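Next comes data_5.csv, a file with CSV, C-alpha atoms (C1' of nucleotides).
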```csv
chain,number,residue,atom,x,y,z
A,1041,MET,CA,-35.6,-6.0,33.3
A,1042,GLN,CA,-35.6,-4.1,30.1
A,1043,VAL,CA,-36.1,-0.4,30.4
A,1044,GLN,CA,-37.3,1.6,27.5
A,1045,PHE,CA,-38.4,5.1,26.9
A,1046,LEU,CA,-41.5,5.8,25.0
A,1047,PRO,CA,-41.4,8.5,22.4
A,1048,GLY,CA,-42.5,11.7,24.0
A,1049,ALA,CA,-42.5,10.1,27.4
A,1050,PHE,CA,-40.3,12.8,28.9
A,1051,VAL,CA,-39.9,16.4,28.2
A,1052,GLY,CA,-36.4,17.5,27.7
A,1053,THR,CA,-34.5,20.5,28.4
A,1054,LYS,CA,-31.9,17.9,28.5
A,1055,VAL,CA,-29.2,17.1,26.1
A,1056,ILE,CA,-26.5,14.5,26.1
A,1057,ALA,CA,-23.1,14.9,24.7
A,1058,VAL,CA,-20.7,12.1,23.8
A,1059,VAL,CA,-17.1,13.2,23.4
A,1060,GLY,CA,-13.7,11.6,23.2
A,1061,PRO,CA,-10.7,11.4,21.0
A,1062,THR,CA,-10.8,10.3,17.4
A,1063,ALA,CA,-11.4,6.6,16.8
A,1064,SER,CA,-12.6,6.0,20.3
A,1065,GLY,CA,-16.0,4.8,19.2
A,1066,LYS,CA,-18.2,7.8,19.9
A,1067,SER,CA,-20.6,7.3,17.1
A,1068,ALA,CA,-21.5,3.7,17.7
A,1069,LEU,CA,-22.1,4.4,21.4
A,1070,ALA,CA,-24.1,7.5,20.7
A,1071,VAL,CA,-26.3,5.8,18.2
A,1072,ARG,CA,-27.0,3.0,20.6
A,1073,LEU,CA,-28.0,5.5,23.2
A,1074,ALA,CA,-30.1,7.3,20.7
A,1075,ARG,CA,-32.0,4.1,19.9
A,1076,GLN,CA,-32.5,3.3,23.5
A,1077,PHE,CA,-33.4,6.7,24.7
A,1078,ASN,CA,-35.4,8.1,21.8
A,1079,GLY,CA,-32.6,10.4,20.7
A,1080,GLU,CA,-31.5,12.2,17.6
A,1081,MET,CA,-27.9,13.0,16.8
A,1082,ILE,CA,-26.1,16.3,16.2
A,1083,SER,CA,-22.6,15.9,14.9
A,1084,ALA,CA,-19.9,18.1,16.4
A,1085,ASP,CA,-17.2,17.5,14.0
A,1086,SER,CA,-15.4,20.3,12.1
A,1087,ARG,CA,-14.8,18.1,9.0
A,1088,GLN,CA,-17.9,16.1,8.8
A,1089,VAL,CA,-19.8,19.2,8.0
A,1090,TYR,CA,-18.3,19.1,4.6
A,1091,ARG,CA,-19.9,17.3,1.7
A,1092,GLY,CA,-17.7,14.7,0.2
A,1093,LEU,CA,-15.4,14.2,3.1
A,1094,ASN,CA,-16.6,10.8,4.1
A,1095,ILE,CA,-14.0,8.1,4.6
A,1096,GLY,CA,-11.3,10.5,5.7
A,1097,SER,CA,-13.4,12.3,8.2
A,1098,GLY,CA,-14.9,9.1,9.5
A,1099,LYS,CA,-18.4,10.2,8.7
A,1100,ILE,CA,-21.1,7.8,9.9
A,1101,THR,CA,-22.7,5.8,7.1
A,1102,LYS,CA,-26.4,5.6,6.4
A,1103,ARG,CA,-26.3,2.0,7.6
A,1104,GLU,CA,-24.5,2.8,10.8
A,1105,MET,CA,-27.1,5.4,11.6
A,1106,LYS,CA,-29.6,2.6,12.0
A,1107,GLY,CA,-32.4,4.9,11.3
A,1108,VAL,CA,-31.4,7.6,13.8
A,1109,PRO,CA,-31.6,11.1,12.3
A,1110,HIS,CA,-28.3,12.9,12.1
A,1111,TYR,CA,-27.9,16.7,11.9
A,1112,LEU,CA,-25.0,18.9,11.0
A,1113,LEU,CA,-23.5,16.5,8.5
A,1114,ASP,CA,-22.9,17.6,4.9
A,1115,VAL,CA,-23.9,21.2,5.5
A,1116,ALA,CA,-21.0,22.9,3.9
A,1117,ASN,CA,-19.0,23.1,0.7
A,1118,PRO,CA,-15.5,21.9,1.1
A,1119,LYS,CA,-14.2,24.1,-1.6
A,1120,ARG,CA,-14.5,27.1,0.5
A,1121,PRO,CA,-13.1,27.7,4.0
A,1122,SER,CA,-16.3,29.4,4.9
A,1123,PHE,CA,-17.4,27.2,7.7
A,1124,THR,CA,-16.6,28.4,11.2
A,1125,VAL,CA,-17.5,27.8,14.8
A,1126,ALA,CA,-20.0,30.6,14.6
A,1127,GLN,CA,-21.8,28.9,11.7
A,1128,TYR,CA,-21.7,25.7,13.6
A,1129,GLN,CA,-23.1,27.2,16.7
A,1130,LYS,CA,-26.0,28.7,14.8
A,1131,LEU,CA,-27.0,25.6,12.9
A,1132,ALA,CA,-26.5,23.3,15.8
A,1133,LYS,CA,-28.6,25.4,18.0
A,1134,LEU,CA,-31.4,25.3,15.5
A,1135,ALA,CA,-31.2,21.6,15.2
A,1136,LEU,CA,-31.1,21.3,19.0
A,1137,GLU,CA,-34.2,23.3,19.4
A,1138,ASN,CA,-35.9,21.4,16.7
A,1139,ILE,CA,-35.2,18.1,18.3
A,1140,ILE,CA,-36.3,19.3,21.6
A,1141,GLN,CA,-39.5,20.6,20.2
A,1142,ARG,CA,-40.3,17.2,18.9
A,1143,LYS,CA,-39.8,15.8,22.3
A,1144,LYS,CA,-36.7,13.8,21.4
A,1145,THR,CA,-33.4,13.6,23.2
A,1146,PRO,CA,-30.7,15.5,21.4
A,1147,ILE,CA,-27.3,13.7,21.5
A,1148,VAL,CA,-24.4,15.8,20.5
A,1149,CYS,CA,-21.5,13.6,19.4
A,1150,GLY,CA,-18.2,14.6,18.1
A,1151,GLY,CA,-14.5,15.3,18.7
A,1152,THR,CA,-14.4,19.0,18.0
A,1153,GLY,CA,-14.3,20.3,21.5
A,1154,PHE,CA,-14.4,23.9,20.5
A,1155,TYR,CA,-17.7,23.3,18.6
A,1156,ILE,CA,-19.2,21.5,21.5
A,1157,ASN,CA,-18.3,24.3,23.9
A,1158,ALA,CA,-19.6,26.9,21.6
A,1159,LEU,CA,-22.9,25.2,21.5
A,1160,ARG,CA,-23.2,24.1,25.1
A,1161,ASP,CA,-21.9,27.2,26.8
A,1162,ASN,CA,-23.4,29.6,24.4
A,1163,LEU,CA,-20.1,31.3,23.8
A,1164,ILE,CA,-20.6,34.8,22.7
A,1165,LEU,CA,-18.7,34.9,19.5
A,1166,PRO,CA,-17.9,38.4,18.4
A,1167,PRO,CA,-20.3,39.4,15.7
A,1168,ILE,CA,-17.5,40.2,13.4
A,1169,ALA,CA,-17.2,38.1,10.3
A,1170,PRO,CA,-13.8,37.3,8.9
A,1171,ASN,CA,-12.5,40.2,6.7
A,1172,PRO,CA,-10.2,38.7,4.1
A,1173,LYS,CA,-8.9,42.0,2.9
A,1174,LEU,CA,-7.9,43.1,6.4
A,1175,ARG,CA,-6.4,39.7,7.0
A,1176,GLN,CA,-4.3,39.9,3.9
A,1177,GLN,CA,-3.0,43.2,5.0
A,1178,LEU,CA,-2.2,42.1,8.5
A,1179,ASP,CA,-0.5,39.1,7.2
A,1180,ARG,CA,2.3,41.2,5.9
A,1181,LEU,CA,3.3,42.1,9.5
A,1182,ASP,CA,5.5,39.8,11.5
A,1183,ASP,CA,4.5,38.3,14.8
A,1184,ARG,CA,6.0,41.0,16.8
A,1185,GLN,CA,4.4,43.8,14.9
A,1186,LEU,CA,1.1,42.1,15.1
A,1187,TYR,CA,1.4,41.8,18.8
A,1188,LEU,CA,2.3,45.4,19.3
A,1189,LYS,CA,-0.5,46.5,17.2
A,1190,LEU,CA,-2.9,44.4,19.2
A,1191,LYS,CA,-1.4,45.7,22.4
A,1192,ARG,CA,-2.2,49.2,21.3
A,1193,LEU,CA,-5.7,48.5,20.2
A,1194,ASP,CA,-6.8,46.1,22.9
A,1195,PRO,CA,-4.3,45.8,25.8
A,1196,LYS,CA,-6.5,43.5,27.7
A,1197,ARG,CA,-6.7,40.9,24.9
A,1198,ALA,CA,-3.0,41.3,24.3
A,1199,GLY,CA,-2.5,40.3,27.9
A,1200,ASN,CA,-3.9,36.9,27.5
A,1201,ILE,CA,-3.2,36.0,23.9
A,1202,ASP,CA,-0.4,33.8,22.7
A,1203,PRO,CA,2.0,36.3,21.2
A,1204,TYR,CA,3.4,33.9,18.7
A,1205,ASN,CA,0.2,32.6,17.3
A,1206,ARG,CA,-0.3,34.9,14.3
A,1207,ARG,CA,-3.6,33.4,13.3
A,1208,ARG,CA,-5.1,34.4,16.6
A,1209,LEU,CA,-3.3,37.6,16.7
A,1210,ILE,CA,-4.8,38.5,13.3
A,1211,ARG,CA,-8.3,37.5,14.4
A,1212,ALA,CA,-8.0,39.5,17.6
A,1213,ILE,CA,-7.0,42.6,15.7
A,1214,GLU,CA,-9.7,42.1,13.3
A,1215,ILE,CA,-12.2,42.0,16.1
A,1216,THR,CA,-11.1,45.2,17.8
A,1217,THR,CA,-10.7,47.0,14.6
A,1218,MET,CA,-14.2,46.3,13.5
A,1219,LEU,CA,-15.6,46.6,17.0
A,1220,GLY,CA,-14.3,50.1,17.3
A,1221,ARG,CA,-17.1,51.3,15.1
A,1222,VAL,CA,-19.8,49.8,17.3
A,1223,PRO,CA,-19.3,51.0,20.8
A,1224,SER,CA,-22.4,49.1,22.1
A,1225,LEU,CA,-20.7,45.9,21.2
A,1226,VAL,CA,-17.6,46.5,23.2
A,1227,ILE,CA,-16.8,43.1,24.5
A,1228,LYS,CA,-13.1,43.7,24.3
A,1229,GLY,CA,-10.6,41.7,26.3
A,1230,ASN,CA,-12.0,38.3,27.0
A,1231,PRO,CA,-15.5,37.8,26.0
A,1232,SER,CA,-17.6,35.4,27.7
A,1233,VAL,CA,-20.3,32.9,28.1
A,1234,LYS,CA,-24.0,33.2,28.2
A,1235,GLY,CA,-24.7,29.9,29.8
A,1236,SER,CA,-26.9,27.2,28.5
A,1237,PRO,CA,-30.6,27.0,28.7
A,1238,TRP,CA,-30.3,23.2,28.8
A,1239,HIS,CA,-29.1,20.6,31.1
A,1240,TRP,CA,-26.2,18.7,29.8
A,1241,LEU,CA,-24.9,15.2,30.4
A,1242,MET,CA,-21.3,15.1,29.3
A,1243,LEU,CA,-20.1,11.6,28.5
A,1244,GLY,CA,-16.5,11.0,27.6
A,1245,ILE,CA,-15.2,7.8,26.2
A,1246,LYS,CA,-12.2,6.6,28.2
A,1247,LEU,CA,-9.5,4.5,26.6
A,1248,SER,CA,-6.0,3.7,27.5
A,1249,PRO,CA,-3.4,5.3,25.2
A,1250,GLU,CA,-2.3,1.9,24.0
A,1251,GLU,CA,-5.9,0.9,23.1
A,1252,LEU,CA,-6.5,4.2,21.4
A,1253,ARG,CA,-3.3,3.9,19.4
A,1254,LYS,CA,-4.3,0.5,18.2
A,1255,LYS,CA,-7.7,1.6,17.2
A,1256,ILE,CA,-6.3,4.5,15.3
A,1257,ASP,CA,-4.0,2.3,13.4
A,1258,ALA,CA,-6.5,-0.3,12.6
A,1259,ARG,CA,-9.0,2.2,11.4
A,1260,LEU,CA,-6.4,4.0,9.3
A,1261,LYS,CA,-5.5,0.7,7.6
A,1262,PHE,CA,-9.1,0.1,6.9
A,1263,ARG,CA,-9.6,3.5,5.4
A,1264,ILE,CA,-6.6,3.2,3.2
A,1265,ASN,CA,-7.9,-0.1,1.9
A,1266,HIS,CA,-11.4,1.1,1.4
A,1267,GLY,CA,-11.1,4.1,-0.8
A,1268,LEU,CA,-9.4,6.9,1.1
A,1269,ILE,CA,-7.0,7.7,-1.6
A,1270,ALA,CA,-9.7,7.7,-4.2
A,1271,GLU,CA,-11.8,10.0,-2.1
A,1272,VAL,CA,-9.1,12.6,-1.9
A,1273,ARG,CA,-8.4,12.3,-5.6
A,1274,ARG,CA,-12.0,12.7,-6.4
A,1275,LEU,CA,-12.3,15.8,-4.2
A,1276,HIS,CA,-9.4,17.4,-6.0
A,1277,ARG,CA,-10.9,16.6,-9.4
A,1278,ASN,CA,-14.1,18.1,-8.2
A,1279,GLY,CA,-12.4,21.4,-7.5
A,1280,VAL,CA,-11.1,21.2,-4.0
A,1281,SER,CA,-7.6,22.7,-4.4
A,1282,TRP,CA,-4.5,21.2,-3.0
A,1283,LYS,CA,-4.2,24.1,-0.7
A,1284,ARG,CA,-7.6,23.6,0.6
A,1285,LEU,CA,-7.0,19.9,1.1
A,1286,ASP,CA,-3.9,20.8,3.1
A,1287,GLU,CA,-6.0,23.0,5.4
A,1288,LEU,CA,-8.4,20.2,6.0
A,1289,GLY,CA,-5.6,18.4,7.8
A,1290,LEU,CA,-4.8,14.8,8.7
A,1291,GLU,CA,-5.9,12.4,6.0
A,1292,TYR,CA,-6.7,15.1,3.5
A,1293,ARG,CA,-3.5,16.9,4.0
A,1294,TYR,CA,-1.2,13.9,3.8
A,1295,VAL,CA,-3.0,11.9,1.1
A,1296,ALA,CA,-3.0,15.1,-1.0
A,1297,LYS,CA,0.7,15.4,-0.5
A,1298,PHE,CA,1.1,11.8,-1.5
A,1299,LEU,CA,-1.0,12.2,-4.6
A,1300,ARG,CA,0.8,15.4,-5.6
A,1301,GLN,CA,4.2,13.9,-5.4
A,1302,GLN,CA,3.3,11.0,-7.6
A,1303,LYS,CA,5.5,8.8,-5.5
A,1304,HIS,CA,6.0,5.1,-6.0
A,1305,PRO,CA,3.4,2.8,-4.6
A,1306,LEU,CA,6.0,1.8,-2.1
A,1307,GLU,CA,5.6,5.2,-0.5
A,1308,MET,CA,2.2,4.0,0.7
A,1309,ALA,CA,3.9,2.5,3.8
A,1310,PHE,CA,5.4,5.8,4.5
A,1311,LEU,CA,2.1,7.6,4.1
A,1312,GLU,CA,0.5,5.2,6.5
A,1313,ARG,CA,3.2,5.7,9.2
A,1314,GLN,CA,3.1,9.4,8.8
A,1315,LEU,CA,-0.7,9.5,9.1
A,1316,SER,CA,-0.6,7.2,12.1
A,1317,THR,CA,1.5,9.6,14.1
A,1318,VAL,CA,-0.3,12.7,13.0
A,1319,ILE,CA,-3.6,11.3,13.9
A,1320,TRP,CA,-2.1,10.3,17.2
A,1321,HIS,CA,-1.0,13.8,17.8
A,1322,TYR,CA,-4.5,15.0,17.1
A,1323,ALA,CA,-6.0,12.5,19.5
A,1324,LYS,CA,-3.7,13.8,22.2
A,1325,ARG,CA,-4.7,17.4,21.5
A,1326,GLN,CA,-8.3,16.3,21.8
A,1327,MET,CA,-7.6,14.7,25.1
A,1328,THR,CA,-5.9,17.7,26.6
A,1329,TRP,CA,-8.9,19.7,25.6
A,1330,PHE,CA,-11.4,17.3,27.1
A,1331,LYS,CA,-9.3,16.8,30.2
A,1332,ARG,CA,-9.9,20.3,31.3
A,1333,ASP,CA,-13.6,19.9,31.3
A,1334,LYS,CA,-14.5,18.7,34.7
A,1335,THR,CA,-18.1,18.1,33.9
A,1336,ILE,CA,-17.3,15.2,31.6
A,1337,GLN,CA,-18.0,11.8,33.1
A,1338,TRP,CA,-15.7,9.2,31.7
A,1339,VAL,CA,-17.1,5.9,30.8
A,1340,GLU,CA,-15.4,2.7,29.6
A,1341,ASN,CA,-18.3,0.9,28.0
A,1342,TYR,CA,-21.9,1.2,27.0
A,1343,ARG,CA,-23.3,-0.1,30.3
A,1344,GLU,CA,-21.8,2.8,32.2
A,1345,ALA,CA,-23.0,5.3,29.6
A,1346,GLU,CA,-26.5,3.8,29.8
A,1347,ARG,CA,-26.6,3.9,33.5
A,1348,LEU,CA,-25.6,7.6,33.7
A,1349,THR,CA,-28.0,8.4,31.0
A,1350,MET,CA,-30.8,6.8,32.8
A,1351,VAL,CA,-30.1,8.6,36.0
A,1352,PHE,CA,-29.8,11.9,34.1
A,1353,LEU,CA,-33.0,11.5,32.2
A,1354,ARG,CA,-34.9,10.4,35.2
A,1355,LYS,CA,-34.1,13.5,37.2
A,1356,SER,CA,-37.3,15.5,37.0
A,1357,GLY,CA,-38.1,13.8,33.7
A,1358,LYS,CA,-41.1,11.7,33.1
A,1359,ILE,CA,-40.0,8.3,32.3
A,1360,ILE,CA,-42.1,5.3,31.7
A,1361,LYS,CA,-40.6,2.0,32.4
A,1362,ILE,CA,-41.7,-1.0,30.4
A,1363,GLY,CA,-40.7,-4.0,32.3
A,1364,LYS,CA,-41.3,-7.6,31.3
A,1365,GLY,CA,-44.1,-7.8,33.7
A,1366,LEU,CA,-46.1,-4.9,32.3
B,718,G,C1',43.5,-8.8,2.5
B,719,G,C1',44.1,-3.3,0.9
B,720,U,C1',42.4,1.8,0.5
B,721,G,C1',38.9,5.5,1.6
B,722,C,C1',34.8,7.3,4.4
B,723,G,C1',31.9,7.0,8.5
B,724,G,C1',30.4,5.5,13.8
B,725,U,C1',27.1,11.8,18.3
B,726,G,C1',20.2,11.1,22.7
B,727,G,C1',14.8,6.5,20.0
B,728,U,C1',15.8,8.1,14.7
B,729,G,C1',18.1,11.7,11.2
B,730,A,C1',21.9,15.2,11.5
B,731,A,C1',25.5,19.6,13.0
B,732,G,C1',29.8,20.8,15.6
B,733,U,C1',34.0,22.1,18.9
B,734,G,C1',40.9,21.1,22.4
B,735,G,C1',37.4,23.3,27.7
B,736,U,C1',31.5,17.9,28.3
B,737,A,C1',27.4,19.2,22.5
B,738,A,C1',23.1,22.8,17.6
B,739,C,C1',18.8,21.5,15.1
B,740,A,C1',14.8,18.4,13.2
B,741,C,C1',11.6,14.3,13.9
B,742,A,C1',9.6,10.9,17.3
B,743,G,C1',8.3,11.1,23.0
B,744,C,C1',5.9,13.8,27.0
B,745,G,C1',3.1,18.1,28.8
B,746,G,C1',0.2,22.4,27.6
B,747,U,C1',-2.8,26.7,25.1
B,748,C,C1',-7.4,27.6,22.9
B,749,U,C1',-14.0,32.5,22.6
B,750,G,C1',-15.2,32.9,14.1
B,751,C,C1',-9.8,28.8,9.8
B,752,A,C1',-9.9,24.4,15.8
B,753,A,C1',-8.3,17.5,12.0
B,754,A,C1',-6.2,24.2,12.3
B,755,A,C1',-2.7,27.3,14.6
B,756,C,C1',0.6,27.9,18.7
B,757,C,C1',3.8,27.1,23.2
B,758,G,C1',6.8,24.3,26.8
B,759,C,C1',9.7,20.0,28.7
B,760,A,C1',12.9,16.0,29.0
B,761,A,C1',16.6,13.5,27.2
B,762,U,C1',21.6,8.7,31.6
B,763,A,C1',23.7,10.9,23.1
B,764,C,C1',29.8,11.8,21.0
B,765,G,C1',31.6,2.8,19.2
B,766,C,C1',35.7,0.4,22.5
B,767,G,C1',40.8,0.6,24.6
B,768,G,C1',45.1,3.2,25.1
B,769,G,C1',48.2,7.8,24.3
B,770,U,C1',49.3,13.2,23.9
B,771,U,C1',47.4,17.4,26.8
B,772,C,C1',46.0,21.2,32.6
B,773,G,C1',41.8,19.3,29.8
B,774,A,C1',39.6,15.1,24.3
B,775,U,C1',33.6,14.0,21.7
B,776,U,C1',37.2,16.9,18.9
B,777,C,C1',44.5,15.2,18.0
B,778,C,C1',47.5,10.3,17.6
B,779,C,C1',47.7,4.7,17.8
B,780,G,C1',45.2,0.1,18.0
B,781,C,C1',40.6,-2.6,17.9
B,782,C,C1',35.5,-3.4,16.7
B,783,C,C1',31.3,-2.3,13.4
B,784,G,C1',29.0,-0.2,8.8
B,785,C,C1',29.4,1.6,3.8
B,786,A,C1',32.1,2.2,-0.8
B,787,C,C1',35.9,0.9,-3.9
B,788,C,C1',40.2,-2.2,-5.1
B,789,U,C1',42.8,-7.0,-5.2
```

Kindly return the structure encoded in the file as structure tokens.
Amino acid sequence: MQVQFLPGAFVGTKVIAVVGPTASGKSALAVRLARQFNGEMISADSRQVYRGLNIGSGKITKREMKGVPHYLLDVANPKRPSFTVAQYQKLAKLALENIIQRKKTPIVCGGTGFYINALRDNLILPPIAPNPKLRQQLDRLDDRQLYLKLKRLDPKRAGNIDPYNRRRLIRAIEITTMLGRVPSLVIKGNPSVKGSPWHWLMLGIKLSPEELRKKIDARLKFRINHGLIAEVRRLHRNGVSWKRLDELGLEYRYVAKFLRQQKHPLEMAFLERQLSTVIWHYAKRQMTWFKRDKTIQWVENYREAERLTMVFLRKSGKIIKIGKGL
RNA sequence: GGUGCGGUGGUGAAGUGGUAACACAGCGGUCUGCAAAACCGCAAUACGCGGGUUCGAUUCCCGCCCGCACCU
């Protein structure tokens, strides 16, 4: 019996998330769910938010969307490193509310675990914007000095921070420094979580390491043969600096290096191998992030995802079944 | 055939008469405004083979094997 859901047939405070490592097939599965369960997509990908990063970021194409609306794609300018989790949280929340209001099922799909958590757990992100001047100043200090400084300003935070990670050290100091002026906002130490007003079904795509590696390599090959290099070249011509491309990581970082060095075409093989392992590293980092989240239910195929979704939506939701016999 | 140089963990590459750096790859992990980023930890059945010198050899000597270069 075919089960379908009529538009507006259930009221949702429910949202579905599809997570998993890169190249695991999240988008395809999520779109399929969206079509079956009257959903709309919210991307949770820190690179797909940028305009012009398409092939390299694996952004879904118009065609692959199959008519399902997608949010949080192409919302930022790649030239500037302005986009952050905080920004994402804000925009995604708006999109989420909008979708829910229209009685659709929001499906959050992406591989940026931090973004998903920020949205889902309503992380309280300190209301302190990055301060470039202060950062520049702090950047002159070495790790040890930064650590000691933080320890003086906010011993609690110093207690649980990674003392060698200067990027985070700097941000922590930035927060306490700015926070000092606003006593009412003292969330020093380890800030927290507000909790979500919605119910979440967390679906994770499970793949064996071997399978995943194969998919990564196949996809990479495809990208290289279908305009990846040209995309990066174009981005640079349009004003995205080499430095910025480097920050963007993976494909953008290594293809940019490749282009800059003007290497022989033979070096292409080297580029491909290099990218393959770097992307693999990334996938592993994603896995260690998702592994920690015990609320994720791991599925191996669409059927399992579909089943869980059905159960999830049915719980206290109004569902209309349309069987053959109806 | 001769001469020279070299053979160190999966790969690259240091080094020492008292059993061996480092980098990469591998594996594990952190994560509250750059998160495809940044950062941390672990393991390694590693000194070509056989002799000799020595208290002790990966390090010195001899022979052999293999690679590279040059010579005939």

Tell me, as a PyMOL selection string, which residues lie within 10 Å of G745 in chain B, counting all atoms listed in the file; anything in the same chain fewer than 2 positions away does not count. (chain A and resi 1328) or (chain B and resi 758-759)

With a distance threshold of 6 Å and counting all atoms listed in the file, extract the residues of chain A near chain B and express them as an MDAnalysis selection string. chainID A and resid 1124:1126 1205 1289:1290

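CA of Arg1072 in chain A sits 26.6 Å away from CA of Arg1325 in chain A.
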
Please list as a ChimeraX atom specification every residue within 12 Å of C741 in chain B, counting all atoms listed in the file and excluding residues in the same chain fewer than 6 positions away. /A:1314,1317 /B:727-730

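The coordinates place CA of Ile1082 in chain A at 15.8 Å from CA of Asp1161 in chain A.
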
For Lys1191 in chain A, work out the shell of residues within 10 Å, counting only C-alpha atoms (C1' of nucleotides) and skipping chain neighbours fewer than 6 positions away, then give it as a ChimeraX atom specification. /A:1185,1197-1199,1201,1213

Between CA of Asp1333 in chain A and CA of Val1148 in chain A lies a distance of 15.8 Å

Expected answer as a ChimeraX atom specification: all residues with atoms within 8 Å of (33.1, 16.8, 17.8), only C-alpha atoms (C1' of nucleotides): /B:725,732-733,737,764,775-776

Might you pull out every residue within 7 Å of Ile1210 in chain A, with only C-alpha atoms (C1' of nucleotides) counted and same-chain residues fewer than 4 positions away left off, and present them as an MDAnalysis selection string? chainID A and resid 1175 1178 1206 1214

I'd like the contact shell of Tyr1155 in chain A - 8 Å cut-off, all atoms listed in the file, skipping same-chain residues fewer than 6 positions apart - returned as a PyMOL selection string. chain A and resi 1084-1086+1125+1128-1129

Within 10 Å of (34.0, -1.8, -2.0), only C-alpha atoms (C1' of nucleotides): residues as number ranges by chain? B: 720-721, 785-788
